[in-house]
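Pasted below: coords15.txt, compact mmCIF, C-alpha atoms.
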# COMPACT_ATOMS: atom_id res chain seq x y z
CA ALA U 1 3.36 -12.43 3.87
CA ALA U 2 1.36 -12.11 7.06
CA TYR U 3 -1.66 -14.30 7.71
CA SER U 4 -4.45 -14.47 10.27
CA SER U 5 -6.09 -17.72 11.34
CA ASP U 6 -9.43 -15.86 11.50
CA PRO U 7 -9.74 -12.78 9.22
CA SER U 8 -13.26 -12.16 10.57
CA ILE U 9 -11.60 -11.16 13.86
CA ALA U 10 -8.31 -9.64 12.66
CA LYS U 11 -6.58 -9.03 9.35
CA ALA U 12 -2.79 -8.77 9.21
CA GLU U 13 -0.24 -7.23 6.88
CA TYR U 14 3.49 -7.82 7.13
CA ARG U 15 5.70 -4.80 7.79
CA ASN U 16 9.30 -4.66 6.58
CA SER U 17 11.19 -5.57 9.72
CA ASN U 18 14.58 -6.85 10.88
CA GLN U 19 13.36 -9.15 13.62
CA ALA U 20 15.74 -11.90 14.67
CA SER U 21 13.98 -15.18 13.92
CA ASP U 22 10.83 -16.54 12.35
CA GLU U 23 9.86 -18.22 15.63
CA GLU U 24 9.30 -14.78 17.17
CA LEU U 25 6.95 -13.71 14.40
CA SER U 26 3.96 -15.84 15.48
CA VAL U 27 1.69 -14.30 18.15
CA GLN U 28 -1.63 -15.14 19.78
CA LEU U 29 -4.05 -12.21 19.56
CA THR U 30 -7.34 -11.86 21.45
CA VAL U 31 -9.68 -8.96 20.58
CA GLU U 32 -11.84 -8.34 23.62
CA THR U 33 -13.44 -5.05 22.52
CA MET U 34 -13.21 -3.15 19.25
CA ALA U 35 -12.75 0.62 19.19
CA LYS U 36 -16.11 2.25 18.51
CA PRO U 37 -17.40 5.81 18.05
CA GLN U 38 -20.22 7.35 20.04
CA ILE U 39 -23.55 7.16 18.20
CA ASN U 40 -26.72 9.04 19.08
CA LYS U 41 -29.47 7.50 16.96
CA GLY U 42 -32.68 9.46 16.87
CA THR U 43 -36.30 8.39 16.97
CA TYR U 44 -37.97 7.03 13.85
CA LEU U 45 -40.56 9.59 12.75
CA ASP U 46 -43.10 9.65 9.97
CA SER U 47 -41.18 10.95 6.96
CA ASP U 48 -43.97 13.01 5.37
CA THR U 49 -45.30 14.97 8.36
CA CYS U 50 -43.94 17.34 11.04
CA ARG U 51 -45.38 18.32 14.42
CA LEU U 52 -42.93 21.18 15.08
CA ALA U 53 -44.03 24.79 14.72
CA MET U 54 -42.32 26.83 12.05
CA GLY U 55 -39.53 29.16 13.16
CA THR U 56 -35.80 29.28 13.95
CA TYR U 57 -34.39 26.54 16.19
CA SER U 58 -30.95 25.92 17.62
CA PHE U 59 -29.13 23.33 19.72
CA ASP U 60 -25.74 23.05 21.41
CA VAL U 61 -23.05 20.47 20.68
CA THR U 62 -20.31 20.12 23.30
CA THR U 63 -17.14 18.18 22.46
CA ALA U 64 -13.99 17.53 24.46
CA THR U 65 -12.43 20.82 23.38
CA SER U 66 -15.23 23.19 22.26
CA SER U 67 -18.91 24.08 22.33
CA TYR U 68 -20.97 24.98 19.25
CA GLU U 69 -24.45 26.33 18.63
CA LEU U 70 -26.11 25.22 15.39
CA GLN U 71 -29.12 27.12 14.07
CA PHE U 72 -31.65 26.29 11.37
CA SER U 73 -35.15 27.25 10.29
CA ILE U 74 -38.29 25.18 9.81
CA GLY U 75 -40.80 26.25 7.17
CA SER U 76 -44.51 25.55 6.96
CA ASN U 77 -44.09 22.81 4.35
CA ASP U 78 -41.07 21.07 5.85
CA THR U 79 -41.43 17.38 6.73
CA ASN U 80 -39.53 15.34 9.29
CA HIS U 81 -37.40 13.93 6.49
CA ASP U 82 -36.60 17.45 5.24
CA ILE U 83 -35.54 18.52 8.72
CA GLN U 84 -33.39 15.43 9.28
CA SER U 85 -31.66 15.81 5.90
CA ARG U 86 -30.99 19.51 6.50
CA LEU U 87 -29.56 18.87 9.96
CA ALA U 88 -27.33 16.08 8.60
CA ARG U 89 -25.85 18.49 6.05
CA LEU U 90 -25.49 21.20 8.71
CA ILE U 91 -23.57 18.90 11.07
CA ASN U 92 -21.37 17.41 8.33
CA ASN U 93 -20.48 20.84 6.90
CA ALA U 94 -19.70 22.29 10.34
CA ALA U 95 -16.53 20.15 10.64
CA ILE U 96 -16.79 19.81 14.42
CA GLY U 97 -15.70 16.18 14.69
CA LEU U 98 -19.16 14.70 14.08
CA THR U 99 -20.88 13.00 11.17
CA ALA U 100 -24.62 12.70 10.63
CA SER U 101 -26.77 10.54 8.38
CA GLY U 102 -30.34 9.40 7.95
CA SER U 103 -31.77 5.90 8.07
CA TYR U 104 -35.13 4.31 7.28
CA SER U 105 -37.17 1.67 9.05
CA SER U 106 -39.09 -1.12 7.34
CA ASP U 107 -42.34 0.87 7.58
CA GLY U 108 -40.83 3.92 5.81
CA LYS U 109 -40.10 6.07 8.85
CA SER U 110 -36.81 8.02 9.03
CA ALA U 111 -34.35 8.83 11.81
CA LEU U 112 -31.27 11.04 12.21
CA SER U 113 -28.04 9.52 13.57
CA VAL U 114 -25.09 11.55 14.87
CA SER U 115 -21.69 9.88 15.33
CA SER U 116 -18.25 10.96 16.55
CA VAL U 117 -15.50 10.85 13.94
CA SER U 118 -12.96 9.42 16.40
CA ASN U 119 -13.26 6.26 18.46
CA GLY U 120 -12.94 5.94 22.20
CA LEU U 121 -13.46 8.18 25.22
CA THR U 122 -11.91 11.59 25.77
CA ALA U 123 -8.70 12.04 27.78
CA ASP U 124 -10.72 12.56 30.98
CA GLY U 125 -12.88 9.46 30.36
CA ARG U 126 -15.99 11.12 28.96
CA GLN U 127 -18.00 10.44 25.83
CA PRO U 128 -16.85 12.50 22.80
CA PHE U 129 -19.92 14.78 22.57
CA THR U 130 -23.25 15.81 24.07
CA ILE U 131 -26.27 17.39 22.34
CA SER U 132 -28.72 19.64 24.21
CA ASP U 133 -30.92 22.68 23.69
CA GLU U 134 -31.76 23.82 27.26
CA ASP U 135 -29.49 26.90 27.10
CA THR U 136 -29.65 27.66 23.40
CA SER U 137 -30.44 31.10 21.97
CA GLN U 138 -33.36 30.16 19.68
CA GLN U 139 -36.45 27.98 19.99
CA ARG U 140 -35.98 24.74 21.94
CA GLY U 141 -37.48 21.28 21.60
CA ILE U 142 -35.79 20.00 18.44
CA VAL U 143 -33.36 17.71 20.33
CA ASP U 144 -36.02 15.72 22.16
CA TYR U 145 -38.33 15.78 19.14
CA LEU U 146 -35.70 14.10 16.96
CA GLY U 147 -34.43 11.94 19.83
CA ILE U 148 -30.74 12.72 19.26
CA ARG U 149 -29.89 13.42 22.91
CA ASN U 150 -29.55 9.80 24.03
CA ILE U 151 -26.45 7.69 23.43
CA THR U 152 -27.31 4.47 21.63
CA GLN U 153 -23.68 3.28 21.26
CA PRO U 154 -21.09 4.49 23.77
CA ALA U 155 -17.60 5.18 22.47
CA THR U 156 -15.01 2.59 23.49
CA TRP U 157 -11.31 1.97 23.02
CA ALA U 158 -10.11 -1.29 21.58
CA LYS U 159 -8.99 -3.77 24.23
CA TYR U 160 -6.84 -6.66 23.12
CA SER U 161 -4.09 -8.97 24.31
CA VAL U 162 -0.97 -10.29 22.60
CA ASP U 163 0.42 -13.51 24.03
CA GLY U 164 -1.50 -12.81 27.26
CA GLU U 165 -0.32 -9.20 27.67
CA SER U 166 -3.17 -6.64 27.65
CA PHE U 167 -3.22 -3.47 25.57
CA SER U 168 -5.69 -0.75 24.54
CA SER U 169 -5.94 1.47 21.48
CA PRO U 170 -8.21 4.32 20.32
CA ASP U 171 -8.16 2.77 16.85
CA ASN U 172 -8.89 -0.64 15.36
CA GLN U 173 -5.57 -0.71 13.51
CA VAL U 174 -2.50 -1.48 15.61
CA VAL U 175 1.13 -2.47 15.08
CA ILE U 176 2.30 -5.59 16.88
CA ALA U 177 5.98 -6.09 17.67
CA ASP U 178 6.90 -3.73 14.81
CA VAL U 179 6.23 -6.69 12.51
CA TYR U 180 2.49 -6.77 11.80
CA SER U 181 -0.06 -4.12 10.96
CA VAL U 182 -3.28 -5.63 12.30
CA THR U 183 -6.84 -4.42 11.69
CA PHE U 184 -9.54 -5.60 14.07
CA THR U 185 -12.69 -6.75 12.28
CA GLY U 186 -14.51 -8.51 15.11
CA GLU U 187 -14.43 -9.58 18.74
CA SER U 188 -13.70 -13.02 20.14
CA ALA U 189 -12.69 -14.61 23.43
CA GLU U 190 -10.68 -17.20 21.51
CA PRO U 191 -7.16 -16.22 20.42
CA VAL U 192 -6.31 -15.66 16.74
CA THR U 193 -2.91 -16.68 15.43
CA ILE U 194 -1.00 -13.99 13.55
CA GLY U 195 2.06 -15.29 11.70
CA THR U 196 3.98 -15.33 8.44
CA LYS U 197 3.91 -17.58 5.43
CA PRO U 198 5.64 -17.46 2.05
CA ASP U 199 3.93 -15.05 -0.31
CA TYR U 200 3.96 -17.36 -3.33
CA GLU U 201 2.00 -15.03 -5.57
CA SER U 202 4.34 -12.12 -4.87
CA LEU U 203 7.35 -14.39 -5.41
CA LYS U 204 5.90 -15.63 -8.68
CA ASP U 205 5.28 -12.07 -9.86
CA SER U 206 8.87 -11.13 -8.99
CA ILE U 207 10.36 -14.05 -10.94
CA THR U 208 8.08 -13.37 -13.90
CA GLY U 209 9.08 -9.70 -13.82
CA VAL U 210 12.80 -10.58 -13.77
CA ALA U 211 12.37 -12.88 -16.79
CA ALA U 212 10.36 -10.24 -18.68
CA SER U 213 13.00 -7.55 -18.06
CA TYR U 214 15.80 -9.92 -19.07
CA ASN U 215 13.98 -10.84 -22.29
CA ASN U 216 13.39 -7.19 -23.10
CA PHE U 217 17.12 -6.52 -22.71
CA ILE U 218 18.05 -9.43 -25.02
CA ARG U 219 15.50 -8.45 -27.68
CA THR U 220 16.58 -4.80 -27.59
CA ALA U 221 20.22 -5.80 -28.05
CA ALA U 222 19.29 -8.09 -30.95
CA GLU U 223 17.70 -5.17 -32.82
CA TYR U 224 21.18 -3.69 -33.42
CA LEU U 225 22.86 -6.81 -34.82
CA ASP U 226 22.76 -5.47 -38.41
CA LYS U 227 24.35 -2.13 -37.53
CA HIS U 228 26.66 -3.40 -34.79
CA PRO U 229 27.58 -7.06 -35.33
CA ARG U 230 29.64 -7.09 -32.13
CA THR U 231 26.34 -6.96 -30.23
CA THR U 232 26.46 -10.73 -30.73
CA VAL U 233 29.24 -10.79 -28.13
CA LEU U 234 26.95 -9.16 -25.61
CA ILE U 235 24.11 -11.62 -26.28
CA GLU U 236 26.46 -14.62 -26.08
CA ASN U 237 27.89 -13.33 -22.79
CA MET U 238 24.39 -13.03 -21.36
CA LYS U 239 23.49 -16.53 -22.61
CA ARG U 240 26.58 -18.03 -20.97
CA MET U 241 25.83 -16.21 -17.74
CA SER U 242 22.22 -17.42 -17.62
CA GLY U 243 23.29 -20.90 -18.72
CA TYR U 244 25.25 -21.21 -15.48
CA TYR U 245 21.90 -21.11 -13.63
CA SER U 246 20.01 -23.24 -16.16
CA SER U 247 19.47 -26.25 -13.87
CA ALA U 248 18.00 -24.08 -11.12
CA MET U 249 15.78 -22.21 -13.54
CA GLU U 250 14.57 -25.39 -15.23
CA SER U 251 13.39 -26.76 -11.89
CA LEU U 252 11.26 -23.62 -11.63
CA GLY U 253 9.87 -24.10 -15.12
CA ILE U 254 12.14 -21.51 -16.77
CA THR U 255 13.85 -22.50 -20.03
CA GLN U 256 16.45 -20.62 -22.06
CA GLU U 257 15.50 -20.37 -25.73
CA GLN U 258 17.93 -20.49 -28.66
CA ASN U 259 17.86 -16.69 -29.04
CA GLY U 260 18.80 -16.21 -25.38
CA THR U 261 15.38 -15.25 -24.03
CA LEU U 262 13.68 -17.06 -21.15
CA SER U 263 10.31 -18.81 -21.38
CA ILE U 264 8.24 -19.74 -18.33
CA ASN U 265 5.93 -22.69 -17.72
CA GLU U 266 3.43 -20.96 -15.43
CA GLU U 267 1.97 -24.18 -14.02
CA LYS U 268 5.37 -25.66 -13.19
CA LEU U 269 6.53 -22.37 -11.67
CA SER U 270 3.49 -22.25 -9.35
CA LYS U 271 3.98 -25.84 -8.20
CA SER U 272 7.71 -25.35 -7.70
CA LEU U 273 7.30 -22.27 -5.53
CA THR U 274 4.99 -24.07 -3.10
CA SER U 275 7.53 -26.87 -2.62
CA THR U 276 9.88 -26.43 0.34
CA ALA U 277 12.49 -28.43 -1.56
CA ASN U 278 13.02 -25.47 -3.88
CA GLU U 279 14.35 -23.01 -1.28
CA ASN U 280 17.90 -23.37 -2.62
CA THR U 281 16.61 -23.03 -6.17
CA ILE U 282 14.93 -19.73 -5.32
CA SER U 283 18.21 -18.58 -3.77
CA GLU U 284 20.00 -19.42 -7.04
CA MET U 285 17.38 -17.46 -8.95
CA ARG U 286 18.21 -14.49 -6.75
CA ASP U 287 21.90 -14.99 -7.59
CA PHE U 288 21.02 -15.05 -11.29
CA THR U 289 19.28 -11.71 -10.91
CA LYS U 290 22.31 -10.20 -9.20
CA SER U 291 24.63 -11.57 -11.92
CA ALA U 292 22.42 -10.11 -14.65
CA LEU U 293 22.43 -6.72 -12.95
CA ARG U 294 26.22 -6.78 -12.61
CA LYS U 295 26.61 -7.63 -16.30
CA ILE U 296 24.25 -4.85 -17.34
CA SER U 297 26.19 -2.41 -15.14
CA GLN U 298 29.39 -3.42 -16.95
CA VAL U 299 27.70 -2.75 -20.28
CA GLN U 300 26.67 0.70 -19.07
CA LEU U 301 30.23 1.47 -17.99
CA ASN U 302 31.87 0.27 -21.20
CA PRO U 303 29.35 0.10 -24.07
CA MET U 304 32.10 0.56 -26.68
CA ASP U 305 33.23 -3.03 -26.09
CA TYR U 306 30.17 -4.15 -28.03
CA VAL U 307 30.39 -1.87 -31.10
CA ASP U 308 32.82 -1.88 -34.00
CA LYS U 309 35.50 0.75 -33.29
CA ARG U 310 37.51 2.09 -36.19
CA ILE U 311 40.70 3.81 -35.03
CA VAL U 312 42.38 6.26 -37.43
CA ALA U 313 45.71 7.83 -36.47
CA TYR U 314 46.88 11.12 -38.02
CA LYS U 315 50.60 11.27 -37.18
CA ASN U 316 52.36 14.58 -36.74
CA PRO U 317 55.26 14.50 -39.28
CA TYR U 318 57.20 17.19 -37.39
CA LYS U 319 57.06 15.59 -33.92
CA THR U 320 58.00 11.97 -33.80
CA HIS U 321 58.79 11.60 -30.09
CA PHE U 322 55.15 10.74 -29.28
CA ALA U 323 52.04 9.82 -31.21
CA ASN U 324 49.11 12.19 -31.42
CA PRO U 325 46.26 10.06 -32.77
CA TYR U 326 42.53 10.51 -32.79
CA VAL U 327 41.50 7.51 -30.68
CA THR U 328 37.95 6.54 -29.69
CA SER U 329 37.42 6.46 -25.96
CA ALA U 330 36.31 3.08 -24.65
CA TYR U 331 33.98 4.71 -22.11
CA SER U 332 32.42 7.74 -23.73
CA GLY U 333 32.82 7.32 -27.49
CA MET U 334 34.51 10.72 -27.68
CA LEU U 335 37.64 11.41 -29.75
CA PHE U 336 41.10 11.96 -28.25
CA ASN U 337 42.63 15.02 -29.86
CA SER U 338 45.95 15.94 -28.25
CA TYR U 339 48.20 15.67 -25.24
CA MET U 340 48.33 18.64 -22.85

Could I get this file's structure written as structure tokens?
Amino acid sequence: AAYSSDPSIAKAEYRNSNQASDEELSVQLTVETMAKPQINKGTYLDSDTCRLAMGTYSFDVTTATSSYELQFSIGSNDTNHDIQSRLARLINNAAIGLTASGSYSSDGKSALSVSSVSNGLTADGRQPFTISDEDTSQQRGIVDYLGIRNITQPATWAKYSVDGESFSSPDNQVVIADVYSVTFTGESAEPVTIGTKPDYESLKDSITGVAASYNNFIRTAAEYLDKHPRTTVLIENMKRMSGYYSSAMESLGITQEQNGTLSINEEKLSKSLTSTANENTISEMRDFTKSALRKISQVQLNPMDYVDKRIVAYKNPYKTHFANPYVTSAYSGMLFNSYM
């Protein structure tokens, strides 16, 4: 599992990778600047009044690729809060790469904020959008009245360094060395260590899942002992196979019961997994899993080895040079009828 020495600056997830050695997996990351969207936060106005005249207003929004004119009407009873809420819905529903929302101050006043969906500057180094109403087709004045012309947070790209080498990104989620998926959560001049550590909880879940599946197989087989007594052979084979790994499993807190199932001491398993002395034991547990899978595959290929097969031969009295019996097939359970 991946870890970060300071999750308040960067969080890391491990990607499935075929890198050469563990020594190469540890990096020093410095987040100089996070990627941020452009925000135009308007002026806080009294929520219950409005100083604009009624009528139809419009304003222009210019982005990196297009220009839009947005129109709306103000009625005689509309308040500043009504206008801000209506404009927020208008901008959000327009799907032009902007989002809008309202906010309140401690004294109950409200303001409209407009933000770019994407982070960072445009390809030619400009801010993602501008809002104006000088050349609009309807009444003017709404932009300066609401205060949404001015940029309160400029858009920036993320700037970071990995082991002293500088990089930039339009997003706060980056991939480092094809090993880590890192999300920036803060800025710091001090480096953060990104590395790997054993994922004990995941390993514990895997071992517990293997034992549960194995037990389910044994219990299912045991249900057919009355109808198919030879199922005992299957269970005994599985018990002998797992018994070969008994010492390794016992050091992990796994014990084989009399009926062939496995029981787990959760506390001992947790302590064992955090001990570096158990690396070989974990490897043997992996070998046990592979052996169990091979045995189950053999059962799937030849299930008739574990059922009672009654063979009845009906000899042809007129042709004695070869037998023509009905014989059960060891692989499919079908009946052999004749030679071609």

Inset, instruction - Might you pull out every residue within 12 Å of U:Ser247, with all atoms listed in the file counted and same-chain residues fewer than 2 positions away left off, and present them as a list in words? - result: Ser242, Gly243, Tyr244, Tyr245, Met249, Glu250, Ser251, Leu252, Gly253, Ile254, Thr255, Gln256, Asn278, Asn280, Thr281, Ile282, Glu284, Met285 and Phe288 of chain U

Legend entry - Surrounding residues of U:Ile194 excluding itself and chain neighbours under 2 positions, 10 Å, all atoms listed in the file, as a VMD selection string: chain U and resid 2 to 7 10 to 14 25 to 29 162 176 180 182 191 to 192 196

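Atom to atom, atom CA of U:Arg230 and atom CA of U:Met304 stand 9.7 Å apart.
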
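Excluding U:Ile96 itself and any same-chain residue fewer than 3 positions from it, the protein and nucleic acid residues within 9 Å of it, counting only C-alpha atoms, are Val61, Thr63, Ser66, Tyr68, Ile91, Asn92, Asn93 and Thr99 of chain U.
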
Now that the selection is made, can you save its residues with C-alpha atoms as an mmCIF file, in the coordinates of the input?
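Done, and the output landed in out32.cif:
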data_model
loop_
_atom_site.group_PDB
_atom_site.id
_atom_site.type_symbol
_atom_site.label_atom_id
_atom_site.label_comp_id
_atom_site.auth_asym_id
_atom_site.auth_seq_id
_atom_site.Cartn_x
_atom_site.Cartn_y
_atom_site.Cartn_z
ATOM 1 C CA VAL U 61 -23.050 20.470 20.680
ATOM 2 C CA THR U 63 -17.140 18.180 22.460
ATOM 3 C CA SER U 66 -15.230 23.190 22.260
ATOM 4 C CA TYR U 68 -20.970 24.980 19.250
ATOM 5 C CA ILE U 91 -23.570 18.900 11.070
ATOM 6 C CA ASN U 92 -21.370 17.410 8.330
ATOM 7 C CA ASN U 93 -20.480 20.840 6.900
ATOM 8 C CA THR U 99 -20.880 13.000 11.170
#

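With distances restricted to all atoms listed in the file, U:Tyr200 is the closest residue to U:Ser275 from U:Pro170, U:Tyr200, U:Ile151, U:Thr49.
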
Inset, instruction - Fewer than 3 positions away in the same chain doesn't count, so skip those; otherwise give me all residues within 7 Å of stretch 30-37 of chain U, counting all atoms listed in the file, as a PyMOL selection string. - result: chain U and resi 115-120+154-162+170-172+184+186-192

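Proximity of U:Ala53, U:Ala221, U:Val114, U:Val210 to U:Gly97, computed with all atoms listed in the file, is greatest for U:Val114.
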
Inset, instruction - Write out as a PyMOL selection string the residues lying within 12 Å of U:Ser106, counting only C-alpha atoms and excluding same-chain residues fewer than 3 positions away. - result: chain U and resi 44+46+103+109-111

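Nearest to U:Ser85 of all the residues U:Thr122, U:Asn40, U:Ser168, U:Ser47 is U:Ser47, based on only C-alpha atoms.
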
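For the residues U:Gln139, U:Ser113, U:Ser8, U:Gln153, ranking by smallest atom-to-atom distance to U:Leu70 using only C-alpha atoms places U:Gln139 first.
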
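Coordinates place atom CA of U:Ser73 at a distance of 17.6 Å from atom CA of U:Glu134.
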
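The closest residue to U:Lys268, picked from U:Asp287, U:Asn215, U:Lys204, U:Ile83 and counting all atoms listed in the file, is U:Lys204.
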
Legend entry - Point-to-point distance from atom CA of U:Arg286 to atom CA of U:Thr261, Å rounded to tenths: 17.5 Å

Legend entry - Nearest candidate to U:Thr130 (options U:Ala88, U:Ile207, U:Ala95, U:Ala64; using only C-alpha atoms): U:Ala64

Could you write out as AutoDock Vina command-line options the box around stretch 212-220 of chain U (axis-aligned, all atoms listed in the file, 5 Å on each side), with centre and edge lengths in Å to one decimal?
--center_x 14.2 --center_y -7.8 --center_z -22.9 --size_x 17.7 --size_y 16.0 --size_z 19.6
